[in-house]
file run-v3.txt (compact mmCIF, C-alpha atoms)
# COMPACT_ATOMS: atom_id res chain seq x y z
CA MET A 157 0.00 0.00 0.00
CA ASP A 158 2.89 2.35 0.75
CA LYS A 159 4.07 1.95 -2.84
CA PHE A 160 0.56 2.65 -4.12
CA TYR A 161 0.24 5.87 -2.12
CA ALA A 162 3.73 6.93 -3.18
CA ALA A 163 2.82 6.41 -6.85
CA VAL A 164 -0.41 8.40 -6.45
CA ALA A 165 1.44 11.20 -4.66
CA GLY A 166 4.06 11.24 -7.40
CA GLY A 167 1.33 11.54 -10.03
CA PHE A 168 -0.22 14.51 -8.26
CA VAL A 169 3.17 16.18 -7.99
CA MET A 170 3.76 15.76 -11.73
CA LEU A 171 0.34 17.21 -12.49
CA LEU A 172 1.18 20.24 -10.37
CA ILE A 173 4.67 20.95 -11.70
CA THR A 174 4.20 20.05 -15.40
CA PRO A 175 2.41 23.34 -16.26
CA MET A 176 5.40 25.17 -14.76
CA ILE A 177 8.13 22.98 -16.27
CA HIS A 178 6.77 22.91 -19.85
CA PRO A 179 6.92 26.67 -20.51
CA LEU A 180 10.36 26.76 -18.86
CA SER A 181 11.64 23.95 -21.07
CA LYS A 182 10.27 25.68 -24.16
CA ARG A 183 11.99 28.89 -23.09
CA ILE A 184 15.29 27.07 -22.56
CA GLU A 185 14.90 25.39 -25.96
CA ALA A 186 14.31 28.76 -27.65
CA ILE A 187 17.36 30.29 -25.96
CA SER A 188 19.47 27.27 -26.97
CA ARG A 189 18.40 27.68 -30.62
CA ARG A 190 19.45 31.32 -30.57
CA ILE A 191 22.81 30.55 -28.97
CA TYR A 192 23.67 27.81 -31.46
CA GLY A 193 22.06 29.52 -34.46
CA ILE A 194 19.46 26.78 -34.99
CA GLN A 195 16.51 28.10 -37.00
CA PRO A 196 12.94 26.94 -36.24
CA VAL A 197 12.39 26.46 -39.98
CA SER A 198 14.76 25.22 -42.69
CA ILE A 199 14.31 25.89 -46.41
CA HIS A 200 15.81 23.76 -49.18
CA VAL A 201 15.81 24.66 -52.89
CA GLU A 202 16.08 21.75 -55.35
CA ARG A 203 17.48 22.48 -58.82
CA ASN A 204 17.91 18.99 -60.29
CA THR A 205 14.88 18.11 -62.42
CA SER A 206 15.58 14.39 -61.98
CA ILE A 207 14.81 14.89 -58.29
CA ILE A 208 12.08 17.51 -58.75
CA TRP A 209 10.01 15.19 -60.96
CA ALA A 210 10.95 11.88 -59.31
CA GLY A 211 7.88 9.64 -59.16
CA PHE A 212 5.99 11.54 -61.87
CA PRO A 213 5.09 9.90 -65.22
CA ARG A 214 7.75 10.26 -67.91
CA TRP A 215 5.49 12.40 -70.11
CA ILE A 216 6.94 15.65 -68.73
CA GLY A 217 8.36 17.79 -71.52
CA ALA A 218 11.75 19.51 -71.54
CA SER A 219 13.41 22.22 -73.62
CA VAL A 220 17.06 23.28 -73.43
CA TRP A 221 19.39 25.62 -75.28
CA LEU A 222 22.47 23.92 -76.73
CA PRO A 223 25.52 25.34 -78.56
CA SER A 224 25.11 22.65 -81.26
CA LEU A 225 22.94 19.61 -81.94
CA PRO A 226 24.35 16.34 -80.50
CA ASP A 227 23.84 12.93 -82.06
CA ASP A 228 21.45 11.67 -79.38
CA ALA A 229 19.64 12.63 -76.17
CA PRO A 230 18.43 11.02 -72.92
CA ASP A 231 15.13 9.17 -73.25
CA ASP A 232 13.92 10.44 -69.87
CA PRO A 233 13.10 14.19 -70.12
CA THR A 234 13.83 14.69 -66.41
CA ASP A 235 17.51 14.01 -67.22
CA TRP A 236 17.72 16.75 -69.83
CA TYR A 237 18.80 19.49 -67.41
CA SER A 238 21.97 17.70 -66.26
CA TRP A 239 22.64 16.48 -69.82
CA ALA A 240 22.43 20.01 -71.21
CA GLN A 241 24.73 21.32 -68.48
CA GLN A 242 27.39 18.79 -69.48
CA LEU A 243 27.17 20.04 -73.08
CA GLY A 244 27.49 23.70 -72.11
CA GLY A 245 23.75 24.29 -72.47
CA ALA A 246 21.05 25.88 -70.33
CA ASP A 247 17.31 25.81 -69.69
CA ALA A 248 15.01 27.05 -72.43
CA TYR A 249 11.63 28.68 -71.79
CA VAL A 250 11.35 27.64 -68.14
CA THR A 251 13.58 26.89 -65.16
CA VAL A 252 11.77 24.81 -62.53
CA LEU A 253 12.70 24.75 -58.83
CA LYS A 254 11.16 22.82 -55.95
CA ILE A 255 11.24 24.40 -52.50
CA THR A 256 10.86 22.41 -49.27
CA ILE A 257 10.10 24.02 -45.91
CA THR A 258 10.68 21.88 -42.80
CA SER A 259 9.65 23.02 -39.32
CA ARG A 260 11.55 22.11 -36.14
CA ASP A 261 9.11 23.91 -33.86
CA ILE A 262 5.62 25.39 -33.80
CA SER A 263 5.93 28.16 -36.37
CA THR A 264 3.91 30.45 -38.60
CA VAL A 265 5.44 30.89 -42.04
CA VAL A 266 4.45 33.30 -44.80
CA VAL A 267 6.14 32.99 -48.21
CA ASP A 268 5.79 36.14 -50.32
CA PRO A 269 6.43 36.39 -54.08
CA ALA A 270 10.12 36.56 -54.96
CA LYS A 271 12.11 39.66 -55.82
CA VAL A 272 13.61 39.10 -59.30
CA ARG A 273 17.20 40.15 -59.91
CA ARG A 274 17.90 39.65 -63.61
CA GLU A 275 20.07 40.83 -66.47
CA ARG A 276 19.06 40.50 -70.11
CA LEU A 277 22.01 39.38 -72.23
CA PRO A 278 22.49 39.60 -76.02
CA LEU A 279 21.69 36.57 -78.18
CA GLY A 280 23.83 37.38 -81.19
CA ASP A 281 22.62 38.08 -84.73
CA PRO A 282 21.67 35.49 -85.81
CA PRO A 283 21.18 33.92 -82.37
CA LYS A 284 23.86 31.41 -81.44
CA GLY A 285 22.93 27.80 -80.74
CA LEU A 286 19.56 26.07 -80.97
CA ILE A 287 16.65 24.76 -78.91
CA ALA A 288 16.33 21.01 -78.29
CA THR A 289 12.93 19.79 -77.09
CA CYS A 290 11.61 16.54 -75.70
CA PRO A 291 7.83 16.92 -76.29
CA ALA A 292 5.47 16.21 -73.41
CA GLY A 293 3.97 12.74 -73.75
CA GLY A 294 0.78 13.53 -71.82
CA ALA A 295 -0.95 16.27 -69.89
CA GLU A 296 1.29 19.13 -68.78
CA ILE A 297 1.94 19.30 -65.02
CA ASP A 298 1.02 22.75 -63.68
CA PRO A 299 1.06 22.77 -59.86
CA LYS A 300 0.37 25.66 -57.52
CA ARG A 301 3.55 27.70 -57.69
CA ILE A 302 5.37 31.01 -57.73
CA HIS A 303 5.41 32.15 -61.36
CA VAL A 304 8.34 34.39 -62.35
CA ASN A 305 8.19 36.36 -65.59
CA LEU A 306 11.82 37.05 -66.43
CA ALA A 307 11.05 39.55 -69.20
CA MET A 308 8.85 41.65 -66.91
CA GLY A 309 10.88 41.01 -63.75
CA THR A 310 7.72 40.08 -61.82
CA SER A 311 6.55 37.15 -59.71
CA MET A 312 3.27 36.01 -58.19
CA TRP A 313 1.60 33.01 -56.61
CA VAL A 314 -0.64 31.22 -59.13
CA ASP A 315 -2.98 28.22 -59.09
CA PRO A 316 -2.69 25.23 -61.49
CA ASP A 317 -4.63 27.23 -64.12
CA GLY A 318 -2.21 30.16 -63.86
CA GLY A 319 -4.63 32.47 -62.03
CA PRO A 320 -3.29 34.66 -59.20
CA ILE A 321 -3.84 33.41 -55.66
CA ARG A 322 -3.07 34.61 -52.15
CA THR A 323 0.42 34.42 -50.68
CA LEU A 324 1.26 31.07 -49.06
CA SER A 325 0.63 31.11 -45.30
CA LEU A 326 1.40 28.10 -43.08
CA ALA A 327 0.82 27.10 -39.47
CA MET A 328 3.46 24.43 -38.87
CA SER A 329 4.12 21.96 -36.06
CA PRO A 330 7.44 20.22 -35.34
CA GLY A 331 8.24 17.85 -38.20
CA ASP A 332 5.77 19.40 -40.66
CA VAL A 333 6.92 19.66 -44.27
CA GLU A 334 5.52 21.91 -47.02
CA GLN A 335 6.66 21.79 -50.65
CA PHE A 336 5.92 24.06 -53.59
CA TYR A 337 7.30 24.86 -57.04
CA LEU A 338 8.76 27.93 -58.69
CA TYR A 339 8.66 28.42 -62.48
CA ALA A 340 10.88 31.12 -64.01
CA VAL A 341 9.70 31.68 -67.60
CA ALA A 342 11.26 33.46 -70.60
CA ASP A 343 9.44 33.57 -73.95
CA ALA A 344 12.27 35.44 -75.68
CA GLY A 345 15.77 36.67 -74.88
CA ARG A 346 18.50 35.31 -72.62
CA PHE A 347 18.45 36.00 -68.90
CA LYS A 348 21.02 35.72 -66.16
CA TRP A 349 19.15 35.84 -62.86
CA HIS A 350 18.68 34.96 -59.21
CA LEU A 351 15.88 35.55 -56.72
CA GLU A 352 15.42 36.95 -53.25
CA LEU A 353 12.56 35.11 -51.54
CA PRO A 354 10.98 37.02 -48.62
CA VAL A 355 9.85 34.65 -45.87
CA LEU A 356 8.18 35.70 -42.61
CA ILE A 357 8.88 33.23 -39.78
CA ASP A 358 7.05 33.97 -36.52
CA SER A 359 6.76 37.64 -37.57
CA LYS A 360 10.51 37.88 -38.24
CA ARG A 361 11.58 38.69 -41.78
CA LYS A 362 14.12 36.47 -43.55
CA VAL A 363 15.22 36.85 -47.17
CA ILE A 364 16.41 33.65 -48.87
CA ARG A 365 18.74 34.04 -51.85
CA ILE A 366 17.85 31.50 -54.53
CA ASP A 367 20.62 30.86 -57.04
CA ASP A 368 22.33 28.02 -58.89
CA ASP A 369 24.79 26.78 -56.25
CA GLY A 370 26.29 30.23 -55.75
CA LYS A 371 25.99 31.26 -59.42
CA SER A 372 23.23 32.94 -61.37
CA PHE A 373 20.72 30.87 -63.33
CA MET A 374 20.66 31.14 -67.12
CA THR A 375 17.38 30.78 -69.02
CA TYR A 376 16.83 31.24 -72.76
CA GLY A 377 13.61 32.14 -74.49
CA MET A 378 12.47 30.05 -77.46
CA GLU A 379 11.96 32.94 -79.89
CA GLY A 380 14.50 33.35 -82.68
CA PHE A 381 16.06 29.88 -82.43
CA ASN A 382 15.76 26.82 -84.63
CA GLU A 383 14.01 24.11 -82.61
CA HIS A 384 14.73 20.40 -82.92
CA LEU A 385 12.39 17.76 -81.47
CA TRP A 386 13.65 14.45 -80.06
CA HIS A 387 11.20 11.71 -80.95
CA GLY A 388 11.66 7.98 -81.54
CA GLY A 389 15.42 8.23 -81.12
CA ASN A 390 15.87 10.88 -83.84
CA TRP A 391 15.94 14.66 -84.24
CA LYS A 392 13.31 16.44 -86.31
CA ARG A 393 13.42 20.14 -86.98
CA ARG A 394 10.22 21.94 -86.06
CA GLU A 395 9.09 24.25 -88.81
CA PRO A 396 8.14 27.79 -87.73
CA SER A 397 4.38 28.23 -87.34
call {"tool": "encode", "arguments": {"input": "run-v3.txt", "output": "structure tokens"}}
result
Amino acid sequence: MDKFYAAVAGGFVMLLITPMIHPLSKRIEAISRRIYGIQPVSIHVERNTSIIWAGFPRWIGASVWLPSLPDDAPDDPTDWYSWAQQLGGADAYVTVLKITITSRDISTVVVDPAKVRRERLPLGDPPKGLIATCPAGGAEIDPKRIHVNLAMGTSMWVDPDGGPIRTLSLAMSPGDVEQFYLYAVADAGRFKWHLELPVLIDSKRKVIRIDDDGKSFMTYGMEGFNEHLWHGGNWKRREPS
């Protein structure tokens, strides 16, 4: 019986002191994060399209700018980004990024449209290089995203139909993960660019620089270039419409 009463007494003690200990432990945890520079939220930007579109059907299209036309191309369009980079090429029409937000604590997160920092570069006359395209094999994938217009230097949140929507606002618990996409589009021209993404974490402003591993992104528009389609293991020049 003595053990029973001791257990009951211990339970009552825990009930009494837990409301006092929990806020104190949270306060100590917050101070520890500040001391060691641990952020309540981490943000990762994925550039590799093989990872961005992992698990999706292989009917995703891809277009890249290349200095010259190679003999062959990867069959999987998600591999075209890394393939073009090896050949001295770059994205054409659109650069796609996938952004992952992971919370370590209870946090409120607001992701505003990005500030576009871009420079329009000359193409040459006639334009140098060409566009290589792997046509989409099915329905285009258009998720909710931040849409960046490189020619205009603007960005906005849009829905899958391309219509403007409200800024992303999240209430996150420890371990929560949120992912979204960013499309940077150029119809014409050649753009060297990076972004500054304003994020509000628990009412504290943080600006995330988004670039290509410390370098600027390069995205070409389609206009003015000869375009070659990869289909059935062969190249076919697309005639201007």
call {"tool": "atom_distance", "arguments": {"input": "run-v3.txt", "atom1": "atom CA of A:Val355", "atom2": "atom CA of A:Ala327"}}
result
13.4 Å
call {"tool": "closest_residue", "arguments": {"input": "run-v3.txt", "among": "A:Ala218, A:Ile208, A:Met328, A:Ala288", "to": "A:Val250", "atoms": "all atoms listed in the file"}}
result
A:Ala218
call {"tool": "closest_residue", "arguments": {"input": "run-v3.txt", "among": "A:Gly389, A:Pro354, A:Pro330, A:Gly380", "to": "A:Val267", "atoms": "only C-alpha atoms"}}
result
A:Pro354
call {"tool": "residues_around", "arguments": {"input": "run-v3.txt", "residues": "A:Asp261", "least_positions_apart": "2", "cutoff": "6 Å", "atoms": "all atoms listed in the file", "output": "list in words"}}
result
Pro196, Ser259, Ser263, Ser329 and Pro330 of chain A
call {"tool": "closest_residue", "arguments": {"input": "run-v3.txt", "among": "A:Ile262, A:Val197, A:Leu306, A:Ile297", "to": "A:Leu351", "atoms": "all atoms listed in the file"}}
result
A:Leu306
call {"tool": "residues_around", "arguments": {"input": "run-v3.txt", "residues": "A:Ile364", "least_positions_apart": "5", "cutoff": "12 Å", "atoms": "all atoms listed in the file", "output": "PDB file with C-alpha atoms, keeping the file's coordinate frame"}}
result
ATOM      1  CA  SER A 198      14.760  25.220 -42.690  1.00  0.00           C
ATOM      2  CA  ILE A 199      14.310  25.890 -46.410  1.00  0.00           C
ATOM      3  CA  HIS A 200      15.810  23.760 -49.180  1.00  0.00           C
ATOM      4  CA  VAL A 201      15.810  24.660 -52.890  1.00  0.00           C
ATOM      5  CA  ILE A 255      11.240  24.400 -52.500  1.00  0.00           C
ATOM      6  CA  ILE A 257      10.100  24.020 -45.910  1.00  0.00           C
ATOM      7  CA  VAL A 267       6.140  32.990 -48.210  1.00  0.00           C
ATOM      8  CA  ASP A 268       5.790  36.140 -50.320  1.00  0.00           C
ATOM      9  CA  PRO A 269       6.430  36.390 -54.080  1.00  0.00           C
ATOM     10  CA  ALA A 270      10.120  36.560 -54.960  1.00  0.00           C
ATOM     11  CA  LYS A 271      12.110  39.660 -55.820  1.00  0.00           C
ATOM     12  CA  HIS A 350      18.680  34.960 -59.210  1.00  0.00           C
ATOM     13  CA  LEU A 351      15.880  35.550 -56.720  1.00  0.00           C
ATOM     14  CA  GLU A 352      15.420  36.950 -53.250  1.00  0.00           C
ATOM     15  CA  LEU A 353      12.560  35.110 -51.540  1.00  0.00           C
ATOM     16  CA  PRO A 354      10.980  37.020 -48.620  1.00  0.00           C
ATOM     17  CA  VAL A 355       9.850  34.650 -45.870  1.00  0.00           C
ATOM     18  CA  LEU A 356       8.180  35.700 -42.610  1.00  0.00           C
ATOM     19  CA  ILE A 357       8.880  33.230 -39.780  1.00  0.00           C
TER      20      ILE A 357
END
call {"tool": "atom_distance", "arguments": {"input": "run-v3.txt", "atom1": "atom CA of A:Gly211", "atom2": "atom CA of A:Trp349"}}
result
28.8 Å
call {"tool": "residues_around", "arguments": {"input": "run-v3.txt", "residues": "A:Thr289", "least_positions_apart": "3", "cutoff": "7 Å", "atoms": "only C-alpha atoms", "output": "NGL selection string"}}
result
:A and (218-220 or 384-386)
call {"tool": "closest_residue", "arguments": {"input": "run-v3.txt", "among": "A:Pro299, A:Pro320, A:Pro283, A:Gly345", "to": "A:Phe381", "atoms": "only C-alpha atoms"}}
result
A:Pro283
call {"tool": "residues_near_point", "arguments": {"input": "run-v3.txt", "point": "(14.9, 22.5, -90.1)", "cutoff": "10 Å", "atoms": "only C-alpha atoms", "output": "CSV table (one decimal) with C-alpha atoms, keeping the file's coordinate frame"}}
result
chain,number,residue,atom,x,y,z
A,382,ASN,CA,15.8,26.8,-84.6
A,383,GLU,CA,14.0,24.1,-82.6
A,384,HIS,CA,14.7,20.4,-82.9
A,391,TRP,CA,15.9,14.7,-84.2
A,392,LYS,CA,13.3,16.4,-86.3
A,393,ARG,CA,13.4,20.1,-87.0
A,394,ARG,CA,10.2,21.9,-86.1
A,395,GLU,CA,9.1,24.2,-88.8
A,396,PRO,CA,8.1,27.8,-87.7
call {"tool": "atom_distance", "arguments": {"input": "run-v3.txt", "atom1": "atom CA of A:Asp343", "atom2": "atom CA of A:Glu379"}}
result
6.5 Å
call {"tool": "residues_near_point", "arguments": {"input": "run-v3.txt", "point": "(13.5, 26.2, -65.3)", "cutoff": "10 Å", "atoms": "all atoms listed in the file", "output": "ChimeraX atom specification"}}
result
/A:203-205,218-220,237,246-253,338-342,373-376
call {"tool": "closest_residue", "arguments": {"input": "run-v3.txt", "among": "A:Val266, A:Leu326, A:Val314, A:Leu243", "to": "A:Asp298", "atoms": "only C-alpha atoms"}}
result
A:Val314
call {"tool": "closest_residue", "arguments": {"input": "run-v3.txt", "among": "A:Gln242, A:Ser359, A:Thr310, A:Thr323", "to": "A:Leu222", "atoms": "all atoms listed in the file"}}
result
A:Gln242
call {"tool": "axis_aligned_box", "arguments": {"input": "run-v3.txt", "around": "stretch 271-278 of chain A", "padding_each_side": "6 Å", "output": "AutoDock Vina command-line options"}}
result
--center_x 17.3 --center_y 40.0 --center_z -65.9 --size_x 22.4 --size_y 13.7 --size_z 32.2
